file entry.cif (mmCIF, C-alpha atoms and all ligand atoms)
data_protein
#
loop_
_atom_site.label_atom_id
_atom_site.label_comp_id
_atom_site.auth_asym_id
_atom_site.auth_seq_id
_atom_site.Cartn_x
_atom_site.Cartn_y
_atom_site.Cartn_z
CA MET F 119 41.04 -21.15 13.16
CA SER F 120 43.39 -18.57 14.58
CA ARG F 121 41.81 -16.07 16.94
CA LEU F 122 42.98 -12.84 18.42
CA VAL F 123 43.48 -13.11 22.16
CA TYR F 124 43.58 -10.13 24.48
CA ILE F 125 46.58 -10.31 26.81
CA ASN F 126 47.29 -7.36 29.09
CA GLY F 127 46.08 -4.71 26.67
CA GLU F 128 47.33 -6.27 23.43
CA PHE F 129 45.69 -8.49 20.85
CA VAL F 130 47.89 -11.40 19.79
CA PRO F 131 47.20 -14.39 17.48
CA SER F 132 46.15 -17.46 19.48
CA GLU F 133 49.35 -19.37 18.56
CA GLU F 134 51.37 -16.63 20.22
CA ALA F 135 49.05 -16.11 23.17
CA LYS F 136 51.29 -17.22 26.01
CA ILE F 137 51.56 -16.54 29.74
CA SER F 138 54.72 -16.83 31.85
CA VAL F 139 55.34 -20.03 33.82
CA PHE F 140 55.91 -17.66 36.78
CA ASP F 141 52.32 -16.45 36.59
CA LYS F 142 50.51 -17.30 39.84
CA GLY F 143 47.52 -18.49 37.84
CA PHE F 144 49.74 -21.25 36.45
CA LEU F 145 51.69 -21.92 39.65
CA PHE F 146 48.81 -21.97 42.13
CA GLY F 147 45.52 -21.51 40.30
CA ASP F 148 45.69 -18.05 41.87
CA GLY F 149 43.17 -16.10 39.84
CA VAL F 150 39.55 -15.71 38.86
CA PHE F 151 37.59 -16.18 35.67
CA GLU F 152 34.28 -15.86 33.88
CA GLY F 153 32.60 -17.81 31.11
CA ILE F 154 30.36 -15.46 29.14
CA ARG F 155 28.24 -16.02 26.09
CA ALA F 156 27.20 -13.95 23.10
CA TYR F 157 24.09 -14.73 21.07
CA GLU F 158 23.64 -13.20 17.62
CA GLY F 159 26.20 -10.48 18.34
CA ARG F 160 24.79 -9.62 21.78
CA ILE F 161 26.63 -10.45 24.99
CA PHE F 162 24.24 -11.89 27.56
CA ARG F 163 24.35 -10.25 31.01
CA LEU F 164 27.85 -8.87 30.52
CA ASP F 165 27.64 -6.50 33.47
CA GLU F 166 26.47 -9.27 35.81
CA HIS F 167 29.45 -11.42 34.77
CA LEU F 168 31.83 -8.51 35.26
CA LYS F 169 30.38 -7.74 38.69
CA ARG F 170 30.93 -11.35 39.72
CA LEU F 171 34.49 -11.21 38.37
CA TYR F 172 35.31 -8.04 40.30
CA ASN F 173 33.72 -9.48 43.47
CA SER F 174 35.69 -12.72 43.11
CA ALA F 175 38.90 -10.71 42.60
CA LYS F 176 38.14 -8.48 45.59
CA ALA F 177 37.60 -11.48 47.86
CA LEU F 178 41.03 -12.80 46.80
CA LEU F 179 42.73 -9.37 47.11
CA ILE F 180 43.50 -9.24 43.40
CA ASN F 181 43.40 -5.69 42.07
CA VAL F 182 41.92 -5.91 38.60
CA PRO F 183 44.13 -3.49 36.62
CA LEU F 184 41.26 -2.26 34.43
CA SER F 185 38.26 -0.19 35.43
CA PHE F 186 34.87 -1.86 35.05
CA GLU F 187 34.17 0.26 31.96
CA ASP F 188 37.53 -0.52 30.32
CA MET F 189 37.07 -4.22 31.01
CA ARG F 190 33.63 -4.02 29.43
CA LYS F 191 35.15 -2.36 26.34
CA ALA F 192 37.95 -4.94 26.18
CA VAL F 193 35.47 -7.85 26.22
CA ILE F 194 33.34 -6.25 23.50
CA GLU F 195 36.43 -5.47 21.42
CA THR F 196 37.68 -9.07 21.69
CA VAL F 197 34.42 -10.41 20.29
CA LYS F 198 34.45 -7.75 17.57
CA ARG F 199 38.05 -8.35 16.49
CA ASN F 200 37.24 -12.04 16.06
CA ASN F 201 34.13 -11.29 14.01
CA LEU F 202 32.02 -13.51 16.21
CA LYS F 203 28.27 -13.48 16.66
CA ASP F 204 27.60 -16.61 18.68
CA ALA F 205 30.57 -16.81 20.98
CA TYR F 206 31.94 -18.19 24.20
CA ILE F 207 34.11 -15.68 26.00
CA ARG F 208 36.62 -16.70 28.66
CA LEU F 209 37.85 -13.84 30.79
CA ILE F 210 40.71 -14.59 33.20
CA VAL F 211 42.45 -12.38 35.74
CA THR F 212 45.38 -13.93 37.60
CA ARG F 213 47.49 -12.47 40.40
CA GLY F 214 50.24 -12.08 37.81
CA ILE F 215 53.91 -12.86 37.60
CA GLY F 216 55.90 -13.37 40.79
CA ASP F 217 58.36 -15.69 42.48
CA LEU F 218 57.69 -19.25 43.55
CA GLY F 219 56.43 -18.27 47.00
CA LEU F 220 53.01 -17.54 48.43
CA ASP F 221 53.50 -13.92 49.51
CA ILE F 222 50.96 -11.97 47.49
CA THR F 223 52.42 -8.59 48.42
CA LYS F 224 55.30 -9.30 46.04
CA CYS F 225 52.93 -9.64 43.12
CA LYS F 226 51.83 -6.26 41.87
CA ASN F 227 50.66 -6.71 38.27
CA PRO F 228 47.69 -9.00 37.71
CA SER F 229 47.39 -10.53 34.22
CA VAL F 230 44.23 -10.11 32.17
CA VAL F 231 43.39 -12.52 29.35
CA ILE F 232 40.27 -12.53 27.18
CA ILE F 233 39.61 -15.36 24.75
CA ALA F 234 36.60 -15.36 22.43
CA ASP F 235 35.81 -18.35 20.29
CA GLU F 236 32.96 -20.15 18.64
CA ILE F 237 30.72 -21.84 21.13
CA ALA F 238 30.93 -25.63 21.30
CA LEU F 239 27.21 -26.37 21.46
CA PHE F 240 25.86 -29.25 23.53
CA PRO F 241 24.25 -31.99 21.39
CA LYS F 242 20.65 -31.07 20.53
CA GLU F 243 19.26 -34.36 21.81
CA ILE F 244 20.25 -33.66 25.41
CA TYR F 245 17.71 -30.84 25.46
CA GLU F 246 15.03 -33.05 23.96
CA LYS F 247 15.65 -36.22 25.93
CA GLY F 248 17.26 -34.86 29.07
CA ILE F 249 20.40 -36.11 30.76
CA GLU F 250 21.34 -38.65 33.38
CA VAL F 251 23.40 -37.55 36.38
CA ILE F 252 24.99 -39.05 39.46
CA THR F 253 25.71 -37.58 42.86
CA SER F 254 29.45 -37.26 43.31
CA SER F 255 31.60 -38.59 46.14
CA ILE F 256 33.39 -35.21 46.07
CA ARG F 257 32.01 -32.73 48.60
CA ALA F 258 31.46 -29.10 47.64
CA SER F 259 34.01 -26.72 49.10
CA TYR F 260 32.94 -24.76 52.14
CA GLY F 261 32.45 -21.11 52.83
CA ASP F 262 34.89 -21.36 55.71
CA VAL F 263 37.56 -22.79 53.40
CA LEU F 264 37.09 -21.12 50.02
CA PRO F 265 33.69 -19.55 49.35
CA PRO F 266 32.18 -21.24 46.29
CA GLN F 267 30.77 -17.84 45.29
CA ILE F 268 34.32 -16.97 44.21
CA LYS F 269 34.79 -18.13 40.64
CA SER F 270 38.45 -18.95 41.14
CA LEU F 271 40.81 -20.87 38.89
CA ASN F 272 40.74 -23.74 41.37
CA TYR F 273 38.25 -26.15 39.82
CA LEU F 274 39.74 -29.40 40.99
CA SER F 275 36.74 -30.63 42.97
CA HIS F 276 34.49 -29.89 40.01
CA ILE F 277 36.92 -31.53 37.59
CA LEU F 278 37.03 -34.68 39.74
CA ALA F 279 33.24 -34.71 40.08
CA LYS F 280 32.90 -34.39 36.30
CA TRP F 281 35.32 -37.28 35.89
CA GLU F 282 33.13 -39.41 38.15
CA ALA F 283 30.23 -38.69 35.79
CA THR F 284 32.29 -39.60 32.73
CA ASN F 285 33.50 -42.75 34.47
CA ALA F 286 29.91 -43.70 35.25
CA LYS F 287 28.99 -42.98 31.60
CA VAL F 288 26.52 -40.25 32.48
CA GLN F 289 26.62 -36.58 31.52
CA GLU F 290 27.00 -34.75 34.80
CA ALA F 291 27.72 -35.07 38.53
CA ILE F 292 26.02 -33.25 41.39
CA LEU F 293 28.13 -32.23 44.38
CA LEU F 294 26.67 -32.50 47.88
CA SER F 295 27.66 -30.43 50.87
CA ARG F 296 29.29 -31.95 53.95
CA GLU F 297 25.80 -32.20 55.51
CA GLY F 298 24.46 -34.00 52.46
CA TYR F 299 22.59 -31.08 50.92
CA VAL F 300 22.49 -30.80 47.15
CA THR F 301 24.67 -27.92 45.95
CA GLU F 302 25.31 -27.79 42.18
CA GLY F 303 26.65 -29.59 39.14
CA SER F 304 30.28 -29.39 38.02
CA ALA F 305 29.50 -26.26 35.98
CA GLU F 306 25.78 -25.68 36.45
CA ASN F 307 23.32 -24.76 39.14
CA ILE F 308 20.42 -27.08 39.90
CA PHE F 309 16.64 -26.73 40.25
CA ILE F 310 13.92 -29.22 41.14
CA VAL F 311 10.16 -28.96 40.72
CA ARG F 312 7.92 -30.51 43.35
CA ASP F 313 4.15 -29.98 43.45
CA LYS F 314 4.50 -27.03 41.02
CA CYS F 315 7.03 -25.42 43.35
CA LEU F 316 10.47 -24.55 41.98
CA ILE F 317 13.29 -25.13 44.46
CA THR F 318 16.97 -24.26 44.14
CA PRO F 319 19.71 -24.41 46.80
CA PRO F 320 20.57 -21.08 48.46
CA SER F 321 23.95 -19.49 47.93
CA TRP F 322 25.16 -20.21 51.49
CA VAL F 323 24.96 -23.98 51.05
CA GLY F 324 27.98 -23.78 48.76
CA ILE F 325 27.20 -22.79 45.18
CA LEU F 326 28.37 -20.34 42.60
CA GLU F 327 25.70 -17.67 42.25
CA GLY F 328 25.04 -18.42 38.60
CA ILE F 329 24.00 -15.73 36.14
CA THR F 330 21.77 -18.28 34.38
CA ARG F 331 20.30 -19.27 37.76
CA SER F 332 19.23 -15.69 38.42
CA ALA F 333 17.80 -15.39 34.89
CA VAL F 334 15.80 -18.59 35.52
CA LEU F 335 14.51 -17.20 38.82
CA GLU F 336 13.27 -14.10 36.93
CA ILE F 337 11.64 -16.07 34.13
CA ALA F 338 9.99 -18.55 36.48
CA TRP F 339 7.92 -15.88 38.21
CA GLU F 340 6.14 -15.24 34.92
CA ILE F 341 5.06 -18.86 34.46
CA GLU F 342 1.49 -19.39 35.52
CA GLU F 343 1.89 -23.08 36.38
CA VAL F 344 4.67 -22.26 38.86
CA GLU F 345 2.98 -21.74 42.22
CA ASP F 346 6.02 -20.88 44.28
CA ILE F 347 9.78 -20.38 44.00
CA ILE F 348 11.92 -21.23 46.98
CA GLU F 349 15.65 -20.97 47.66
CA ASP F 350 16.12 -23.70 50.21
CA VAL F 351 18.32 -26.67 50.98
CA PHE F 352 17.23 -30.13 49.88
CA THR F 353 18.74 -33.59 49.99
CA ARG F 354 19.50 -36.38 47.58
CA TYR F 355 16.14 -37.92 48.53
CA ASP F 356 14.30 -34.77 47.40
CA LEU F 357 16.15 -35.03 44.12
CA TYR F 358 15.06 -38.65 43.62
CA VAL F 359 11.38 -37.92 44.25
CA ALA F 360 11.22 -34.59 42.38
CA ASP F 361 8.61 -34.19 39.63
CA GLU F 362 11.17 -32.42 37.45
CA CYS F 363 14.82 -31.44 37.62
CA PHE F 364 17.09 -29.31 35.48
CA LEU F 365 20.58 -27.82 35.46
CA CYS F 366 21.50 -24.37 34.19
CA GLY F 367 24.68 -22.53 33.29
CA THR F 368 26.20 -20.27 30.65
CA ALA F 369 27.54 -23.11 28.48
CA ALA F 370 24.78 -25.66 29.12
CA GLU F 371 21.87 -23.17 29.20
CA VAL F 372 18.83 -25.01 30.67
CA VAL F 373 19.20 -28.81 30.53
CA PRO F 374 16.54 -31.24 31.75
CA VAL F 375 17.65 -34.06 34.07
CA VAL F 376 15.66 -37.29 33.73
CA LYS F 377 17.66 -39.73 35.86
CA VAL F 378 19.61 -39.32 39.12
CA ASP F 379 21.69 -42.19 40.55
CA GLY F 380 19.58 -44.63 38.53
CA ARG F 381 16.23 -43.17 39.74
CA VAL F 382 13.92 -41.95 37.00
CA ILE F 383 12.76 -38.38 37.62
CA GLY F 384 9.05 -37.79 37.05
CA ASP F 385 7.98 -39.48 33.84
CA GLY F 386 11.56 -39.86 32.60
CA VAL F 387 11.15 -37.06 30.06
CA PRO F 388 11.69 -33.29 30.37
CA GLY F 389 8.76 -31.95 32.43
CA PRO F 390 6.34 -29.18 31.37
CA ILE F 391 7.74 -26.50 33.70
CA THR F 392 11.32 -27.30 32.64
CA ARG F 393 10.32 -27.08 28.98
CA GLU F 394 8.60 -23.74 29.53
CA ILE F 395 11.68 -22.38 31.31
CA MET F 396 13.88 -23.60 28.44
CA ARG F 397 11.61 -21.86 25.93
CA ARG F 398 11.53 -18.61 27.86
CA PHE F 399 15.28 -18.69 28.46
CA ARG F 400 15.95 -19.02 24.71
CA GLU F 401 13.61 -16.12 24.10
CA LEU F 402 15.42 -14.03 26.71
CA VAL F 403 18.91 -14.63 25.30
CA SER F 404 17.69 -13.81 21.81
CA THR F 405 16.20 -10.50 22.85
CA GLU F 406 18.55 -8.90 25.36
CA GLY F 407 22.29 -8.32 25.67
CA VAL F 408 25.06 -5.83 24.97
CA ASP F 409 25.24 -5.25 21.22
CA VAL F 410 28.83 -5.82 20.07
CA TYR F 411 28.35 -4.40 16.60
CA ALA F 412 26.17 -1.38 17.52
N1 LIG F 501 28.33 -23.53 39.19
C1 LIG F 501 29.60 -23.67 38.76
C2 LIG F 501 30.57 -24.38 39.63
C3 LIG F 501 30.00 -23.16 37.51
O1 LIG F 501 31.26 -23.30 37.09
C4 LIG F 501 29.04 -22.51 36.71
C5 LIG F 501 29.45 -21.97 35.35
N2 LIG F 501 29.99 -20.69 35.45
C6 LIG F 501 27.74 -22.36 37.19
C7 LIG F 501 27.42 -22.90 38.43
C8 LIG F 501 26.70 -21.62 36.42
O2 LIG F 501 26.97 -20.25 36.44
P1 LIG F 501 26.60 -19.30 35.21
O3 LIG F 501 25.13 -19.45 35.00
O4 LIG F 501 26.95 -17.94 35.69
O5 LIG F 501 27.38 -19.75 34.05
#

call {"tool": "encode", "arguments": {"input": "entry.cif", "output": "structure tokens", "more": "lines below"}}
Ligand code: PMP
result
Amino acid sequence: MSRLVYINGEFVPSEEAKISVFDKGFLFGDGVFEGIRAYEGRIFRLDEHLKRLYNSAKALLINVPLSFEDMRKAVIETVKRNNLKDAYIRLIVTRGIGDLGLDITKCKNPSVVIIADEIALFPKEIYEKGIEVITSSIRASYGDVLPPQIKSLNYLSHILAKWEATNAKVQEAILLSREGYVTEGSAENIFIVRDKCLITPPSWVGILEGITRSAVLEIAWEIEEVEDIIEDVFTRYDLYVADECFLCGTAAEVVPVVKVDGRVIGDGVPGPITREIMRRFRELVSTEGVDVYA
């Protein structure tokens, strides 16, 4: 189905939605993006996604050509024009059109693209049965190279990690840091439960600071069975011996993990704390958000 795509202030049919081959986003992956979701006509944590986008752009010296408020309006308008209620929104800001070189001072007009489409839902059974993952041979990128907090268009390490999962016939791959600490999945953050304590890697170890991750951290405090919540590094071993494990992200939501590198996690079924977090997360997304059709 044809959609209307926002490109630099105009709405164009998806078949005509094209970007120049001289755009730095195409030439070098020089740009930033967000994946945002709308539930029942309400955009979940829109401002948090926009803040992350503007921070990513700032770190890369890309001047987003729209104010925060105008960007907010443009995202809402894109969902509205496409008559969508449950939607996946892809917002991209590239450095814009320039020459073939690397000098960013020659590139003055960043491109803004907003795509809104129906959400491709994950199969229902993965939430009921849980998924199997592997640890990837690809190391997470480092803060001293390219901070993983920047949601840039360079996703090659995550793409290669995801391919390793596909090649191993499992659903997802977990990237480790150079020191062997667990960082995140190819497009999700990770949590483990051990002795009723919820543990997730800290931002500095090399993760994207996920919007879903922070929602999970909020929800988890309200769960009686959860005795503590810690942001700390842990290793592959900790993953293997965890009582429960789950991944979380905008597209995946909260997904239980029941096997890691062939080791069964807990009882091999989604654990009670994971299930409670899934339930509360669904409740949260169905009750809050920016109303597109208000
Ligand atoms: N890590 C990476 C590398 C991701 O691409 C994503 C998806 N944006 C996440 C984590 C989860 O972040 P969020 O909850 O904001 O979607």

call {"tool": "closest_atom_pairs", "arguments": {"input": "entry.cif", "of": "segment 230-280 of chain F", "to": "segment 387-391 of chain F", "cutoff": "9 Å", "atoms": "all atoms listed in the file", "output": "tab-separated table"}}
result
residue	atom	partner	partner_atom	distance
F:Tyr245	CA	F:Pro388	CA	8.1
F:Glu246	CA	F:Pro388	CA	7.2
F:Lys247	CA	F:Val387	CA	6.2
F:Gly248	CA	F:Pro388	CA	5.9

call {"tool": "closest_atom_pairs", "arguments": {"input": "entry.cif", "of": "chain F", "to": "ligand LIG 501 (chain F)", "cutoff": "8 Å", "atoms": "all atoms listed in the file", "output": "tab-separated table"}}
result
residue	atom	partner	partner_atom	distance
F:Glu152	CA	F:LIG501	N2	6.6
F:Gly153	CA	F:LIG501	N2	5.8
F:Ile154	CA	F:LIG501	O5	7.2
F:His167	CA	F:LIG501	O4	7.0
F:Pro266	CA	F:LIG501	C2	7.5
F:Lys269	CA	F:LIG501	O1	7.2
F:Tyr273	CA	F:LIG501	C2	7.9
F:His276	CA	F:LIG501	C2	6.8
F:Glu302	CA	F:LIG501	N1	6.0
F:Gly303	CA	F:LIG501	N1	6.3
F:Ser304	CA	F:LIG501	C2	5.3
F:Ala305	CA	F:LIG501	C3	3.5
F:Glu306	CA	F:LIG501	C7	3.8
F:Asn307	CA	F:LIG501	C7	4.6
F:Ile325	CA	F:LIG501	N1	6.1
F:Leu326	CA	F:LIG501	N1	4.7
F:Glu327	CA	F:LIG501	O2	6.5
F:Gly328	CA	F:LIG501	O2	3.4
F:Ile329	CA	F:LIG501	O4	3.7
F:Thr330	CA	F:LIG501	O3	3.6
F:Arg331	CA	F:LIG501	O3	5.6
F:Ser332	CA	F:LIG501	O3	7.8
F:Cys366	CA	F:LIG501	O3	6.2
F:Gly367	CA	F:LIG501	O3	3.6
F:Thr368	CA	F:LIG501	O5	3.6
F:Ala369	CA	F:LIG501	O5	6.5
F:Glu371	CA	F:LIG501	O3	7.6

call {"tool": "atom_distance", "arguments": {"input": "entry.cif", "atom1": "atom CA of Lys136 of chain F", "atom2": "atom CA of Ala205 of chain F"}}
result
21.3 Å

call {"tool": "atom_distance", "arguments": {"input": "entry.cif", "atom1": "atom CA of Thr253 of chain F", "atom2": "atom CA of Glu290 of chain F"}}
result
8.6 Å

call {"tool": "residues_near_point", "arguments": {"input": "entry.cif", "point": "(46.3, -5.7, 24.4)", "cutoff": "10 Å", "atoms": "all atoms listed in the file", "output": "ChimeraX atom specification"}}
result
/F:122-130,192,196,230-232

call {"tool": "closest_residue", "arguments": {"input": "entry.cif", "among": "F:Val334, F:Leu164, F:Ala360, F:Ala412", "to": "Phe399 of chain F", "atoms": "only C-alpha atoms"}}
result
F:Val334

call {"tool": "residues_around", "arguments": {"input": "entry.cif", "residues": "Leu402 of chain F", "least_positions_apart": "3", "cutoff": "10 Å", "atoms": "all atoms listed in the file", "output": "VMD selection string"}}
result
chain F and resid 162 333 to 334 337 396 to 399 405 to 407

call {"tool": "residues_around", "arguments": {"input": "entry.cif", "residues": "Val150 of chain F", "least_positions_apart": "3", "cutoff": "6 Å", "atoms": "only C-alpha atoms", "output": "ChimeraX atom specification"}}
result
/F:210-211,269-271

call {"tool": "closest_residue", "arguments": {"input": "entry.cif", "among": "F:Ile268, F:Leu179, F:Ile249, F:Val410", "to": "Lys226 of chain F", "atoms": "only C-alpha atoms"}}
result
F:Leu179

call {"tool": "atom_distance", "arguments": {"input": "entry.cif", "atom1": "atom CA of Ser404 of chain F", "atom2": "atom CA of Ile237 of chain F"}}
result
15.3 Å

call {"tool": "residues_around", "arguments": {"input": "entry.cif", "residues": "Leu365 of chain F", "least_positions_apart": "4", "cutoff": "7 Å", "atoms": "all atoms listed in the file", "output": "ChimeraX atom specification"}}
result
/F:306-309,372-374

call {"tool": "write_last_selection", "arguments": {"input": "entry.cif", "atoms": "C-alpha atoms", "output": "compact mmCIF listing (two decimals), keeping the file's coordinate frame"}}
result
# COMPACT_ATOMS: atom_id res chain seq x y z
CA GLU F 306 25.78 -25.68 36.45
CA ASN F 307 23.32 -24.76 39.14
CA ILE F 308 20.42 -27.08 39.90
CA PHE F 309 16.64 -26.73 40.25
CA VAL F 372 18.83 -25.01 30.67
CA VAL F 373 19.20 -28.81 30.53
CA PRO F 374 16.54 -31.24 31.75

call {"tool": "closest_residue", "arguments": {"input": "entry.cif", "among": "F:Val376, F:Val300, F:Ile215, F:Ile180", "to": "Arg354 of chain F", "atoms": "all atoms listed in the file"}}
result
F:Val300

call {"tool": "closest_atom_pairs", "arguments": {"input": "entry.cif", "of": "segment 231-270 of chain F", "to": "segment 285-289 of chain F", "cutoff": "8 Å", "atoms": "all atoms listed in the file", "output": "JSON lines"}}
result
{"residue": "F:Ile249", "atom": "CA", "partner": "F:Gln289", "partner_atom": "CA", "distance": 6.3}
{"residue": "F:Glu250", "atom": "CA", "partner": "F:Val288", "partner_atom": "CA", "distance": 5.5}
{"residue": "F:Val251", "atom": "CA", "partner": "F:Val288", "partner_atom": "CA", "distance": 5.7}
{"residue": "F:Ile252", "atom": "CA", "partner": "F:Val288", "partner_atom": "CA", "distance": 7.2}

call {"tool": "closest_residue", "arguments": {"input": "entry.cif", "among": "F:Tyr358, F:Phe140, F:Tyr260, F:Tyr157", "to": "Ser321 of chain F", "atoms": "all atoms listed in the file"}}
result
F:Tyr260

call {"tool": "closest_residue", "arguments": {"input": "entry.cif", "among": "F:Lys377, F:Arg163, F:Arg155, F:Arg296", "to": "Lys203 of chain F", "atoms": "all atoms listed in the file"}}
result
F:Arg155

call {"tool": "closest_residue", "arguments": {"input": "entry.cif", "among": "F:Val323, F:Cys225, F:Leu316, F:Ala234", "to": "Glu345 of chain F", "atoms": "all atoms listed in the file"}}
result
F:Leu316

call {"tool": "residues_around", "arguments": {"input": "entry.cif", "residues": "Arg121 of chain F", "least_positions_apart": "5", "cutoff": "9 Å", "atoms": "all atoms listed in the file", "output": "compact mmCIF listing (two decimals) with C-alpha atoms, in the frame of the given file"}}
result
# COMPACT_ATOMS: atom_id res chain seq x y z
CA VAL F 130 47.89 -11.40 19.79
CA PRO F 131 47.20 -14.39 17.48
CA SER F 132 46.15 -17.46 19.48
CA GLU F 133 49.35 -19.37 18.56
CA ARG F 199 38.05 -8.35 16.49
CA ASN F 200 37.24 -12.04 16.06
CA ILE F 233 39.61 -15.36 24.75
CA ALA F 234 36.60 -15.36 22.43
CA ASP F 235 35.81 -18.35 20.29

call {"tool": "axis_aligned_box", "arguments": {"input": "entry.cif", "around": "segment 166-181 of chain F", "padding_each_side": "8 Å", "output": "lines of an AutoDock Vina configuration file"}}
result
center_x = 35.0
center_y = -9.2
center_z = 41.3
size_x = 33.0
size_y = 23.1
size_z = 29.1

call {"tool": "decode", "arguments": {"input": "entry.cif", "residues": "segment 240-246 of chain F", "atoms": "all heavy atoms", "output": "PDB file, in the first residue's frame"}}
result
ATOM      1  N   PHE F 240       6.061  -9.198  15.571  1.00  0.00           N
ATOM      2  CA  PHE F 240       6.806 -10.436  15.761  1.00  0.00           C
ATOM      3  C   PHE F 240       5.790 -11.565  15.957  1.00  0.00           C
ATOM      4  O   PHE F 240       4.713 -11.339  16.501  1.00  0.00           O
ATOM      5  CB  PHE F 240       7.692 -10.322  17.013  1.00  0.00           C
ATOM      6  CG  PHE F 240       8.954  -9.541  16.793  1.00  0.00           C
ATOM      7  CD1 PHE F 240       8.923  -8.258  16.281  1.00  0.00           C
ATOM      8  CD2 PHE F 240      10.186 -10.094  17.107  1.00  0.00           C
ATOM      9  CE1 PHE F 240      10.093  -7.533  16.080  1.00  0.00           C
ATOM     10  CE2 PHE F 240      11.363  -9.380  16.912  1.00  0.00           C
ATOM     11  CZ  PHE F 240      11.311  -8.100  16.401  1.00  0.00           C
ATOM     12  N   PRO F 241       6.113 -12.802  15.542  1.00  0.00           N
ATOM     13  CA  PRO F 241       5.165 -13.898  15.737  1.00  0.00           C
ATOM     14  C   PRO F 241       4.784 -14.038  17.221  1.00  0.00           C
ATOM     15  O   PRO F 241       5.644 -13.910  18.092  1.00  0.00           O
ATOM     16  CB  PRO F 241       5.936 -15.135  15.267  1.00  0.00           C
ATOM     17  CG  PRO F 241       7.120 -14.637  14.542  1.00  0.00           C
ATOM     18  CD  PRO F 241       7.374 -13.228  14.947  1.00  0.00           C
ATOM     19  N   LYS F 242       3.489 -14.304  17.446  1.00  0.00           N
ATOM     20  CA  LYS F 242       2.962 -14.359  18.811  1.00  0.00           C
ATOM     21  C   LYS F 242       3.686 -15.397  19.668  1.00  0.00           C
ATOM     22  O   LYS F 242       3.925 -15.205  20.861  1.00  0.00           O
ATOM     23  CB  LYS F 242       1.469 -14.711  18.729  1.00  0.00           C
ATOM     24  CG  LYS F 242       0.641 -14.009  19.758  1.00  0.00           C
ATOM     25  CD  LYS F 242      -0.826 -14.215  19.497  1.00  0.00           C
ATOM     26  CE  LYS F 242      -1.581 -14.129  20.816  1.00  0.00           C
ATOM     27  NZ  LYS F 242      -2.736 -14.977  20.860  1.00  0.00           N
ATOM     28  N   GLU F 243       4.061 -16.503  19.015  1.00  0.00           N
ATOM     29  CA  GLU F 243       4.627 -17.615  19.804  1.00  0.00           C
ATOM     30  C   GLU F 243       5.982 -17.278  20.437  1.00  0.00           C
ATOM     31  O   GLU F 243       6.347 -17.885  21.435  1.00  0.00           O
ATOM     32  CB  GLU F 243       4.728 -18.884  18.964  1.00  0.00           C
ATOM     33  CG  GLU F 243       5.684 -18.749  17.798  1.00  0.00           C
ATOM     34  CD  GLU F 243       5.835 -20.071  17.053  1.00  0.00           C
ATOM     35  OE1 GLU F 243       4.830 -20.753  16.874  1.00  0.00           O
ATOM     36  OE2 GLU F 243       6.971 -20.380  16.660  1.00  0.00           O
ATOM     37  N   ILE F 244       6.687 -16.294  19.877  1.00  0.00           N
ATOM     38  CA  ILE F 244       7.983 -15.975  20.497  1.00  0.00           C
ATOM     39  C   ILE F 244       7.797 -15.374  21.895  1.00  0.00           C
ATOM     40  O   ILE F 244       8.665 -15.504  22.748  1.00  0.00           O
ATOM     41  CB  ILE F 244       8.891 -15.068  19.624  1.00  0.00           C
ATOM     42  CG1 ILE F 244       8.388 -13.635  19.584  1.00  0.00           C
ATOM     43  CG2 ILE F 244       9.107 -15.602  18.232  1.00  0.00           C
ATOM     44  CD1 ILE F 244       9.469 -12.671  19.137  1.00  0.00           C
ATOM     45  N   TYR F 245       6.639 -14.733  22.095  1.00  0.00           N
ATOM     46  CA  TYR F 245       6.376 -14.162  23.422  1.00  0.00           C
ATOM     47  C   TYR F 245       5.922 -15.242  24.406  1.00  0.00           C
ATOM     48  O   TYR F 245       6.128 -15.128  25.602  1.00  0.00           O
ATOM     49  CB  TYR F 245       5.313 -13.062  23.323  1.00  0.00           C
ATOM     50  CG  TYR F 245       5.777 -11.916  22.452  1.00  0.00           C
ATOM     51  CD1 TYR F 245       5.398 -11.830  21.113  1.00  0.00           C
ATOM     52  CD2 TYR F 245       6.636 -10.940  22.956  1.00  0.00           C
ATOM     53  CE1 TYR F 245       5.857 -10.800  20.296  1.00  0.00           C
ATOM     54  CE2 TYR F 245       7.097  -9.902  22.146  1.00  0.00           C
ATOM     55  CZ  TYR F 245       6.699  -9.835  20.819  1.00  0.00           C
ATOM     56  OH  TYR F 245       7.170  -8.825  20.020  1.00  0.00           O
ATOM     57  N   GLU F 246       5.296 -16.280  23.846  1.00  0.00           N
ATOM     58  CA  GLU F 246       4.810 -17.356  24.714  1.00  0.00           C
ATOM     59  C   GLU F 246       5.909 -18.357  25.040  1.00  0.00           C
ATOM     60  O   GLU F 246       6.043 -18.801  26.171  1.00  0.00           O
ATOM     61  CB  GLU F 246       3.633 -18.075  24.033  1.00  0.00           C
ATOM     62  CG  GLU F 246       2.370 -17.225  24.041  1.00  0.00           C
ATOM     63  CD  GLU F 246       1.405 -17.571  22.926  1.00  0.00           C
ATOM     64  OE1 GLU F 246       1.616 -18.613  22.256  1.00  0.00           O
ATOM     65  OE2 GLU F 246       0.447 -16.810  22.713  1.00  0.00           O
TER      66      GLU F 246
END
